[in-house]
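Structure record follows, encoded as structure tokens.
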Amino acid sequence: MNQNPNDHEPQPLLFRIFKGIDLFRLIVTNILFLFLLFLIYGVYTAFRSDPVPLSSGDVLTVPFSGFLVEQSAVGDPLDMWGISPQESTVVSNVVRALRLAADDDGIAEAYLDFSNLYGGSLAQAEEIAEAVAAFCASGKPITVFSTLYSQVDLLPASYADEIYLDPMGTVSLNGFSHYEFFYGDFAEKFGVDFNVIKAGEWKGAAEAYSGNAMSAELKAQLSGYLSDLRSRYAEILEKNRGLENGAFGVYIRNYSQLLAESGGNGAQTAERFGWVDGLKTDRELWLEKGWIEKETESESDRWFYYTDYLLTKKRKPAEKKIAVLPITGPIHIGGTADGDASILVPLIDEAAERSDVIALILRIDSGGGDVWASEEIRRAVSRFKNTGRPVVVSMAGTAASGAYWISTAADIIIADAFSVTGSIGVFGLSPTVNRFLSRYPGISVDGVQTDPAAAVYSPFLPQSEETASVRSLEMQAVYDRFLELTAQSRGWTVEEAAAVAGGKVYTGFQAAQIGLVDEIGGFSQAVAAVLKKADWEGHAVEIEYLTHELSFTEALLGRGGIPLARLSAARKEFFTALLLPSAGQPAALFHPVDTTEITEKKGASF
């Protein structure tokens, strides 16, 4: 039989396997190459895409979103990939827009929507409230709307001319509280000894690790500042809404009865009581105001979004600048960027070396933290002040304990009436787990040492009386230093400082009465004070926030859209509440009251 010359002999099996592998490699390579091309094209189109046109109109519109923050993230390496940042509203931007618009003939009125604001502190809310009041004082009306009003929302909203609520919404007023975790029973159950050493009679952060409940003395002390917060908040709301004294308490105590009278409708309850002026959906309100012509339209041509408005009001760059450094969250060294002394100190020192910086403002929202980190920041602030330029502290929601330690280096301390400050005291922990090891896994620890203190920091050995005595002396020395710094800052004797210290906590208003702070006011007052101190009034100056460029990891962990945004404020308090000073090292830490509200704006889930 003749063989067809076009026929080929069957290829060996091994050859065919390798050929298949090579084909698979080519396919995968081509897929990856095409993916890379699409990625490059996406980045290219993102950079060359036409910018979204700016809004323009006569109604200044502020759609609050996320959490109230002091400063937006900058230098984010994920921005170039089009990954949207977690939502937030920068307080100073809202305040500046409202104050500029109050004197702008091109702006006829303002519209504020709190529906997507998920939380913030009362101090931040009052900053906005003052700007709302200033806008109304100019004779221009402000209308506010929300699907739900929390205590934070209602404070600035109460200054507006008209307050509207969605018919499915409610006004959530609950008062103020201060609760902590206590680990005493946990320690006994699992055989863990926290070995707490404190200096300062009412240092509540130390109590959390030594018992299973708050002492009666600490409860009485904390109730003092909570009562001041409540009375001051209630007074503002009742006055602004034309309600009788005590209405705030009546609403909270009798809410279930009031709600029953409205058939369980929270919106009708709020309207009947007088917290809001009317119940409308957002579109019903827009139609009534003439901001849209028909219900299918989502936006008004008259709306001038406050972020766009600020772009039209950019000031000419000034030669001289006021440096502003936000200090937020637990104060520490290393780890997360917020409150990290290893990041904050170089920023302060860099500002001190610049000839264009005339002053420094520390905008603080922190319950304190590690003493050594607080001291490093305080020293950097002192170095700046030693150059002959003034430093002003502007306290936001909380500026207590280690945060007050830092504040002692300032020329002037300004607190909001709703700020929480004080807590001048220190404590230390050195957990030991020898009982746990013996009780559960049945492990014992034994050995030899050359000197009695050779294994003093071991978590596996019980703490000796001598070690406890040494740590107590060390803690007292740190506390004495805290009293000394406070006395020097306030012009007091150490005895006078000790009388208001001891870990006691105050509102900003109470702190001003006893002299722990110099003035009551917000960030605007801090700017005015630092200009006066620098003898720079009437001269051109620019505010510049000292910023740290986020690393890729920091940026990645900080992303995630609204779900993570809702947790951002909780994260701050969660880590503050669990911060343990390592190996008995001193911490100046206060567990802040929940004045930073987190509000679920979308109601019930089904």
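How things are named: the first chain in the structure tokens is A, the next is B, and so on; residues count from 1 in each chain; ligands count from 1 in the order shown.
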
Show me a table, sorted first by chain and then by increasing residue number, of the residues of segment 182-297 of chain A having an atom at most 10 Å from segment 146-154 of chain A, each with its shortest atom pair and the distance in Å to one decimal, counting only C-alpha atoms and written as CSV.
```
residue,atom,partner,partner_atom,distance
A:Tyr233,CA,A:Gln151,CA,8.9
A:Leu237,CA,A:Leu154,CA,7.9
A:Gly266,CA,A:Leu148,CA,9.7
A:Ala267,CA,A:Leu148,CA,8.7
A:Ala270,CA,A:Tyr149,CA,9.9
A:Trp275,CA,A:Leu154,CA,8.6
A:Val276,CA,A:Leu154,CA,9.5
A:Leu279,CA,A:Thr147,CA,9.9
A:Lys280,CA,A:Thr147,CA,9.6
A:Thr281,CA,A:Thr147,CA,8.3
A:Asp282,CA,A:Ser146,CA,8.1
```

- prompt: Excluding same-chain residues fewer than 5 positions from Leu54 of chain A, what lies within 10 Å of it counting only C-alpha atoms, as a ChimeraX atom specification?
  reply: /A:304-305,307-309,311-312

Write to file, as a PDB file, in the first residue's frame, the residues of the selection just made, with N, CA and C atoms.
```pdb
ATOM      1  N   PHE A 304     -25.970  75.082  44.033  1.00  0.00           N
ATOM      2  CA  PHE A 304     -24.536  75.341  43.914  1.00  0.00           C
ATOM      3  C   PHE A 304     -23.862  74.527  45.014  1.00  0.00           C
ATOM      4  N   TYR A 305     -23.367  73.341  44.642  1.00  0.00           N
ATOM      5  CA  TYR A 305     -22.763  72.469  45.645  1.00  0.00           C
ATOM      6  C   TYR A 305     -21.583  73.176  46.328  1.00  0.00           C
ATOM      7  N   THR A 307     -18.830  72.294  47.568  1.00  0.00           N
ATOM      8  CA  THR A 307     -17.468  71.982  47.126  1.00  0.00           C
ATOM      9  C   THR A 307     -17.138  72.731  45.837  1.00  0.00           C
ATOM     10  N   ASP A 308     -18.114  72.832  44.932  1.00  0.00           N
ATOM     11  CA  ASP A 308     -17.916  73.603  43.705  1.00  0.00           C
ATOM     12  C   ASP A 308     -17.823  75.094  44.024  1.00  0.00           C
ATOM     13  N   TYR A 309     -18.649  75.531  44.954  1.00  0.00           N
ATOM     14  CA  TYR A 309     -18.651  76.946  45.347  1.00  0.00           C
ATOM     15  C   TYR A 309     -17.285  77.357  45.890  1.00  0.00           C
ATOM     16  N   LEU A 311     -14.447  76.133  45.112  1.00  0.00           N
ATOM     17  CA  LEU A 311     -13.476  76.211  44.019  1.00  0.00           C
ATOM     18  C   LEU A 311     -13.496  77.578  43.348  1.00  0.00           C
ATOM     19  N   THR A 312     -14.657  78.226  43.361  1.00  0.00           N
ATOM     20  CA  THR A 312     -14.760  79.568  42.774  1.00  0.00           C
ATOM     21  C   THR A 312     -14.248  80.635  43.723  1.00  0.00           C
TER      22      THR A 312
END
```

task: Go through segment 139-348 of chain A and collect every residue that DSSP, computed from the backbone, puts in helix (DSSP H, G or I); the answer should be as an MDAnalysis selection string.
output: chainID A and resid 151:157 184:190 204:210 216:240 247:253 255:261 266:273 282:289 306:312 341:348

- prompt: Given the choices A:Ile327, A:Leu429, A:Ala499, A:Ala512, which gets closest to Ala208 of chain A if the distance is worked out from only C-alpha atoms?
  reply: A:Leu429

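As for atom CA of Ile412 of chain A and atom CA of Ala97 of chain A, they are spaced 26.6 Å apart.
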
- request: Provide the atom CA of Gly491 of chain A to atom CA of Leu344 of chain A distance in Å, to one decimal place.
  value: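 Computing the Euclidean distance for atom CA of Gly491 of chain A and atom CA of Leu344 of chain A yields 27.3 Å.
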
Counting only C-alpha atoms, which residues in segment 334-437 of chain A sit no more than 12 Å from segment 523-530 of chain A? For each one, give the nearest pair of atoms and the distance in Å, sorted by chain then residue number, as a tab-separated table.
```
residue	atom	partner	partner_atom	distance
A:Val357	CA	A:Val530	CA	12.0
A:Ile358	CA	A:Val530	CA	9.2
A:Ala359	CA	A:Val530	CA	6.7
A:Leu360	CA	A:Val530	CA	7.8
A:Ile361	CA	A:Ala526	CA	7.4
A:Leu362	CA	A:Ala526	CA	9.3
A:Arg363	CA	A:Phe523	CA	7.8
A:Ile364	CA	A:Phe523	CA	10.5
A:Arg389	CA	A:Val530	CA	9.4
A:Pro390	CA	A:Val530	CA	6.5
A:Val391	CA	A:Val530	CA	6.9
A:Val392	CA	A:Val530	CA	6.1
A:Val393	CA	A:Ala526	CA	7.3
A:Ser394	CA	A:Ala526	CA	6.0
A:Met395	CA	A:Phe523	CA	8.3
A:Ala396	CA	A:Phe523	CA	8.4
A:Gly397	CA	A:Phe523	CA	12.0
A:Ala410	CA	A:Val530	CA	10.6
A:Asp411	CA	A:Val530	CA	9.0
A:Ile412	CA	A:Ala529	CA	7.9
A:Ile413	CA	A:Ala526	CA	8.4
A:Ile414	CA	A:Ala526	CA	6.5
A:Ala415	CA	A:Phe523	CA	9.0
A:Asp416	CA	A:Phe523	CA	8.8
```

Restricting it to N, CA, C and O atoms, dump the selection as an mmCIF file, in the first residue's frame.
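Generated output (part_7.cif):
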```
data_model
loop_
_atom_site.group_PDB
_atom_site.id
_atom_site.type_symbol
_atom_site.label_atom_id
_atom_site.label_comp_id
_atom_site.auth_asym_id
_atom_site.auth_seq_id
_atom_site.Cartn_x
_atom_site.Cartn_y
_atom_site.Cartn_z
ATOM 1 N N VAL A 357 6.017 79.969 57.617
ATOM 2 C CA VAL A 357 5.027 79.614 58.630
ATOM 3 C C VAL A 357 5.133 80.589 59.794
ATOM 4 O O VAL A 357 6.194 80.708 60.420
ATOM 5 N N ILE A 358 4.035 81.286 60.075
ATOM 6 C CA ILE A 358 4.063 82.299 61.145
ATOM 7 C C ILE A 358 3.487 81.775 62.457
ATOM 8 O O ILE A 358 3.691 82.398 63.512
ATOM 9 N N ALA A 359 2.767 80.657 62.431
ATOM 10 C CA ALA A 359 2.141 80.152 63.651
ATOM 11 C C ALA A 359 1.699 78.718 63.435
ATOM 12 O O ALA A 359 1.654 78.220 62.303
ATOM 13 N N LEU A 360 1.348 78.042 64.536
ATOM 14 C CA LEU A 360 0.922 76.646 64.491
ATOM 15 C C LEU A 360 -0.365 76.484 65.293
ATOM 16 O O LEU A 360 -0.475 76.978 66.422
ATOM 17 N N ILE A 361 -1.338 75.800 64.698
ATOM 18 C CA ILE A 361 -2.562 75.418 65.399
ATOM 19 C C ILE A 361 -2.621 73.908 65.478
ATOM 20 O O ILE A 361 -2.487 73.218 64.466
ATOM 21 N N LEU A 362 -2.789 73.381 66.684
ATOM 22 C CA LEU A 362 -3.010 71.957 66.877
ATOM 23 C C LEU A 362 -4.514 71.725 67.016
ATOM 24 O O LEU A 362 -5.131 72.232 67.955
ATOM 25 N N ARG A 363 -5.101 71.022 66.071
ATOM 26 C CA ARG A 363 -6.531 70.697 66.134
ATOM 27 C C ARG A 363 -6.625 69.282 66.683
ATOM 28 O O ARG A 363 -6.341 68.302 65.978
ATOM 29 N N ILE A 364 -7.025 69.147 67.960
ATOM 30 C CA ILE A 364 -6.907 67.875 68.670
ATOM 31 C C ILE A 364 -8.271 67.230 68.887
ATOM 32 O O ILE A 364 -9.212 67.871 69.357
ATOM 33 N N ARG A 389 7.420 81.858 67.509
ATOM 34 C CA ARG A 389 6.110 81.870 66.846
ATOM 35 C C ARG A 389 5.067 81.209 67.751
ATOM 36 O O ARG A 389 5.363 80.252 68.454
ATOM 37 N N PRO A 390 3.823 81.709 67.725
ATOM 38 C CA PRO A 390 2.810 81.222 68.672
ATOM 39 C C PRO A 390 2.221 79.873 68.280
ATOM 40 O O PRO A 390 2.206 79.486 67.114
ATOM 41 N N VAL A 391 1.703 79.195 69.313
ATOM 42 C CA VAL A 391 1.017 77.916 69.137
ATOM 43 C C VAL A 391 -0.323 78.000 69.859
ATOM 44 O O VAL A 391 -0.387 78.405 71.017
ATOM 45 N N VAL A 392 -1.381 77.609 69.162
ATOM 46 C CA VAL A 392 -2.720 77.585 69.750
ATOM 47 C C VAL A 392 -3.283 76.181 69.600
ATOM 48 O O VAL A 392 -3.164 75.563 68.535
ATOM 49 N N VAL A 393 -3.887 75.672 70.668
ATOM 50 C CA VAL A 393 -4.582 74.387 70.628
ATOM 51 C C VAL A 393 -6.067 74.644 70.447
ATOM 52 O O VAL A 393 -6.663 75.449 71.166
ATOM 53 N N SER A 394 -6.660 73.960 69.476
ATOM 54 C CA SER A 394 -8.100 73.997 69.250
ATOM 55 C C SER A 394 -8.647 72.607 69.542
ATOM 56 O O SER A 394 -8.388 71.661 68.808
ATOM 57 N N MET A 395 -9.400 72.489 70.638
ATOM 58 C CA MET A 395 -9.921 71.190 71.048
ATOM 59 C C MET A 395 -11.226 70.893 70.324
ATOM 60 O O MET A 395 -12.148 71.710 70.332
ATOM 61 N N ALA A 396 -11.306 69.711 69.730
ATOM 62 C CA ALA A 396 -12.532 69.282 69.057
ATOM 63 C C ALA A 396 -13.352 68.445 70.042
ATOM 64 O O ALA A 396 -13.599 68.865 71.159
ATOM 65 N N GLY A 397 -13.788 67.238 69.649
ATOM 66 C CA GLY A 397 -14.646 66.438 70.510
ATOM 67 C C GLY A 397 -13.999 66.060 71.826
ATOM 68 O O GLY A 397 -14.596 66.206 72.889
ATOM 69 N N ALA A 410 1.252 74.802 74.514
ATOM 70 C CA ALA A 410 0.681 75.875 73.691
ATOM 71 C C ALA A 410 0.639 77.201 74.434
ATOM 72 O O ALA A 410 0.640 77.250 75.669
ATOM 73 N N ASP A 411 0.573 78.271 73.673
ATOM 74 C CA ASP A 411 0.389 79.603 74.262
ATOM 75 C C ASP A 411 -1.054 79.806 74.707
ATOM 76 O O ASP A 411 -1.308 80.427 75.744
ATOM 77 N N ILE A 412 -1.992 79.316 73.908
ATOM 78 C CA ILE A 412 -3.414 79.494 74.180
ATOM 79 C C ILE A 412 -4.124 78.171 73.915
ATOM 80 O O ILE A 412 -3.843 77.486 72.927
ATOM 81 N N ILE A 413 -5.059 77.804 74.809
ATOM 82 C CA ILE A 413 -5.869 76.604 74.630
ATOM 83 C C ILE A 413 -7.324 77.041 74.477
ATOM 84 O O ILE A 413 -7.877 77.701 75.359
ATOM 85 N N ILE A 414 -7.927 76.674 73.347
ATOM 86 C CA ILE A 414 -9.315 77.005 73.072
ATOM 87 C C ILE A 414 -10.108 75.712 72.943
ATOM 88 O O ILE A 414 -9.715 74.811 72.202
ATOM 89 N N ALA A 415 -11.207 75.609 73.684
ATOM 90 C CA ALA A 415 -12.036 74.412 73.656
ATOM 91 C C ALA A 415 -13.459 74.768 73.276
ATOM 92 O O ALA A 415 -13.944 75.859 73.594
ATOM 93 N N ASP A 416 -14.116 73.866 72.597
ATOM 94 C CA ASP A 416 -15.543 74.027 72.366
ATOM 95 C C ASP A 416 -16.273 73.727 73.675
ATOM 96 O O ASP A 416 -15.763 72.974 74.520
#
```

Distance of atom CA of Ser469 of chain A from atom CA of Asp185 of chain A, expressed in Å to one decimal place: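 Between atom CA of Asp185 of chain A and atom CA of Ser469 of chain A the gap works out to 24.5 Å.
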
- request: Select from segment 327-478 of chain A everything DSSP, run on the backbone, classes as strand (DSSP E or B), then give the selection as a PyMOL selection string.
  value: chain A and resi 327-328+331-332+340+357-366+368-370+391-400+412-415+420-422+426-428+432

message: Residues near Val345 of chain A, anyone? I mean within 8 Å using only C-alpha atoms, not counting same-chain ones fewer than 5 positions away, as a ChimeraX atom specification.
response: /A:376-377,380

Just write the chosen residues, C-alpha atoms, as a JSON list (two decimals), in the first residue's frame.
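After the write, again.json holds the following:
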```json
[["chain", "number", "residue", "atom", "x", "y", "z"],
["A", 376, "GLU", "CA", 7.68, 63.56, 72.04],
["A", 377, "ILE", "CA", 4.91, 65.61, 70.42],
["A", 380, "ALA", "CA", 8.29, 69.19, 69.19]]
```

task: Give the answer as one residue: which of A:Asn116, A:Ser366, A:Gln449, A:Ser374 has the shortest atom-to-atom distance to Thr398 of chain A, using only C-alpha atoms?
output: A:Ser366

Distance query segment 61-73 of chain A at most 8 Å, only C-alpha atoms, self and fewer than 6 positions along chain excluded, as a JSON list (two decimals) with N, CA and C atoms, in the first residue's frame:
```
[["chain", "number", "residue", "atom", "x", "y", "z"],
["A", 86, "GLN", "N", -13.26, 56.70, 51.11],
["A", 86, "GLN", "CA", -14.41, 56.55, 51.97],
["A", 86, "GLN", "C", -15.03, 57.93, 52.21],
["A", 87, "GLU", "N", -16.33, 57.95, 52.33],
["A", 87, "GLU", "CA", -17.04, 59.20, 52.37],
["A", 87, "GLU", "C", -16.78, 59.95, 53.67],
["A", 88, "SER", "N", -16.67, 61.25, 53.57],
["A", 88, "SER", "CA", -16.50, 62.10, 54.74],
["A", 88, "SER", "C", -16.85, 63.52, 54.37],
["A", 89, "THR", "N", -17.10, 64.33, 55.38],
["A", 89, "THR", "CA", -17.39, 65.74, 55.21],
["A", 89, "THR", "C", -16.41, 66.54, 56.05],
["A", 90, "VAL", "N", -15.62, 67.37, 55.39],
["A", 90, "VAL", "CA", -14.62, 68.17, 56.10],
["A", 90, "VAL", "C", -15.33, 69.38, 56.73],
["A", 91, "VAL", "N", -15.27, 69.46, 58.04],
["A", 91, "VAL", "CA", -16.00, 70.49, 58.78],
["A", 91, "VAL", "C", -15.62, 71.90, 58.33],
["A", 92, "SER", "N", -14.32, 72.15, 58.20],
["A", 92, "SER", "CA", -13.87, 73.50, 57.84],
["A", 92, "SER", "C", -14.36, 73.92, 56.48],
["A", 94, "VAL", "N", -17.31, 73.07, 55.07],
["A", 94, "VAL", "CA", -18.71, 73.46, 55.22],
["A", 94, "VAL", "C", -18.81, 74.83, 55.89],
["A", 110, "ALA", "N", -29.76, 78.68, 51.35],
["A", 110, "ALA", "CA", -28.94, 77.47, 51.51],
["A", 110, "ALA", "C", -29.83, 76.28, 51.81],
["A", 111, "TYR", "N", -29.36, 75.11, 51.38],
["A", 111, "TYR", "CA", -30.06, 73.86, 51.61],
["A", 111, "TYR", "C", -29.07, 72.84, 52.14],
["A", 112, "LEU", "N", -29.35, 72.29, 53.33],
["A", 112, "LEU", "CA", -28.49, 71.31, 53.97],
["A", 112, "LEU", "C", -29.24, 69.99, 54.08],
["A", 113, "ASP", "N", -28.60, 68.91, 53.63],
["A", 113, "ASP", "CA", -29.20, 67.57, 53.70],
["A", 113, "ASP", "C", -28.32, 66.68, 54.56],
["A", 114, "PHE", "N", -28.87, 66.25, 55.71],
["A", 114, "PHE", "CA", -28.12, 65.43, 56.66],
["A", 114, "PHE", "C", -28.38, 63.93, 56.49],
["A", 115, "SER", "N", -29.08, 63.54, 55.45],
["A", 115, "SER", "CA", -29.53, 62.15, 55.31],
["A", 115, "SER", "C", -28.39, 61.14, 55.32],
["A", 116, "ASN", "N", -27.26, 61.49, 54.74],
["A", 116, "ASN", "CA", -26.14, 60.54, 54.64],
["A", 116, "ASN", "C", -24.98, 60.89, 55.55],
["A", 117, "LEU", "N", -25.25, 61.66, 56.60],
["A", 117, "LEU", "CA", -24.22, 61.93, 57.61],
["A", 117, "LEU", "C", -24.32, 60.84, 58.67],
["A", 118, "TYR", "N", -23.24, 60.09, 58.83],
["A", 118, "TYR", "CA", -23.27, 58.92, 59.70],
["A", 118, "TYR", "C", -22.69, 59.16, 61.09],
["A", 119, "GLY", "N", -22.12, 60.31, 61.35],
["A", 119, "GLY", "CA", -21.62, 60.55, 62.69],
["A", 119, "GLY", "C", -20.63, 61.68, 62.77],
["A", 120, "GLY", "N", -20.33, 62.07, 63.98],
["A", 120, "GLY", "CA", -19.39, 63.15, 64.26],
["A", 120, "GLY", "C", -19.51, 63.53, 65.72],
["A", 121, "SER", "N", -18.71, 64.47, 66.17],
["A", 121, "SER", "CA", -18.77, 64.89, 67.57],
["A", 121, "SER", "C", -19.62, 66.14, 67.70],
["A", 124, "GLN", "N", -17.74, 69.29, 66.70],
["A", 124, "GLN", "CA", -17.74, 69.53, 65.26],
["A", 124, "GLN", "C", -19.09, 70.05, 64.79],
["A", 303, "TRP", "N", -29.01, 74.73, 42.31],
["A", 303, "TRP", "CA", -28.12, 74.26, 43.37],
["A", 303, "TRP", "C", -26.67, 74.58, 43.03],
["A", 304, "PHE", "N", -25.97, 75.08, 44.03],
["A", 304, "PHE", "CA", -24.54, 75.34, 43.91],
["A", 304, "PHE", "C", -23.86, 74.53, 45.01],
["A", 305, "TYR", "N", -23.37, 73.34, 44.64],
["A", 305, "TYR", "CA", -22.76, 72.47, 45.65],
["A", 305, "TYR", "C", -21.58, 73.18, 46.33],
["A", 306, "TYR", "N", -21.54, 73.03, 47.65],
["A", 306, "TYR", "CA", -20.57, 73.81, 48.42],
["A", 306, "TYR", "C", -19.13, 73.52, 48.01],
["A", 326, "PRO", "N", -3.72, 68.38, 62.55],
["A", 326, "PRO", "CA", -4.74, 67.58, 63.26],
["A", 326, "PRO", "C", -4.08, 66.43, 64.02],
["A", 363, "ARG", "N", -5.10, 71.02, 66.07],
["A", 363, "ARG", "CA", -6.53, 70.70, 66.13],
["A", 363, "ARG", "C", -6.63, 69.28, 66.68],
["A", 545, "TYR", "N", -2.71, 72.82, 56.03],
["A", 545, "TYR", "CA", -2.72, 71.62, 56.87],
["A", 545, "TYR", "C", -1.43, 70.84, 56.65],
["A", 550, "LEU", "N", -0.15, 59.10, 52.50],
["A", 550, "LEU", "CA", -0.49, 57.73, 52.87],
["A", 550, "LEU", "C", 0.37, 56.73, 52.10],
["A", 562, "ILE", "N", -18.94, 53.09, 52.07],
["A", 562, "ILE", "CA", -19.73, 53.48, 53.23],
["A", 562, "ILE", "C", -19.64, 52.49, 54.39],
["A", 565, "ALA", "N", -16.70, 53.33, 56.21],
["A", 565, "ALA", "CA", -16.81, 54.70, 56.71],
["A", 565, "ALA", "C", -17.60, 54.72, 58.01],
["A", 566, "ARG", "N", -18.63, 53.88, 58.08],
["A", 566, "ARG", "CA", -19.43, 53.84, 59.30],
["A", 566, "ARG", "C", -18.61, 53.35, 60.48],
["A", 569, "ALA", "N", -15.27, 55.93, 62.86],
["A", 569, "ALA", "CA", -15.34, 56.57, 64.17],
["A", 569, "ALA", "C", -15.30, 55.51, 65.27]]
```

field: Lys140 of chain A environment, 6 Å, only C-alpha atoms, sequence neighbours closer than 2 positions dropped, as a list of chain:residue names
entry: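 Contacts, in chain order: A:Glu109, A:Cys136, A:Ser138.
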
- prompt: From the set A:Ala199, A:Ile543, A:Leu243, A:Ala220, which residue has the shortest atom-to-atom contact distance to Gln476 of chain A, counting only C-alpha atoms?
  reply: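 Ranking A:Ala199, A:Ile543, A:Leu243, A:Ala220 by distance to Gln476 of chain A, first place goes to A:Ala199.
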
field: Option closest in space to Glu496 of chain A, from A:Leu155, A:Leu516, A:Ile142, A:Ala373 [counting only C-alpha atoms]
entry: A:Leu516

task: Determine the nearest neighbour of Ser438 of chain A from the options A:Phe460, A:Tyr225, A:Phe181, A:Tyr159, counting only C-alpha atoms.
output: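 The shortest atom-to-atom distance to Ser438 of chain A comes from A:Phe460.
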
task: Write out as a list in words which residues come within 8 Å of Ile348 of chain A when counting only C-alpha atoms, dropping same-chain ones fewer than 6 positions away.
output: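 Result of the neighbour search: Leu325, Ala380, Val381 and Phe384 of chain A.
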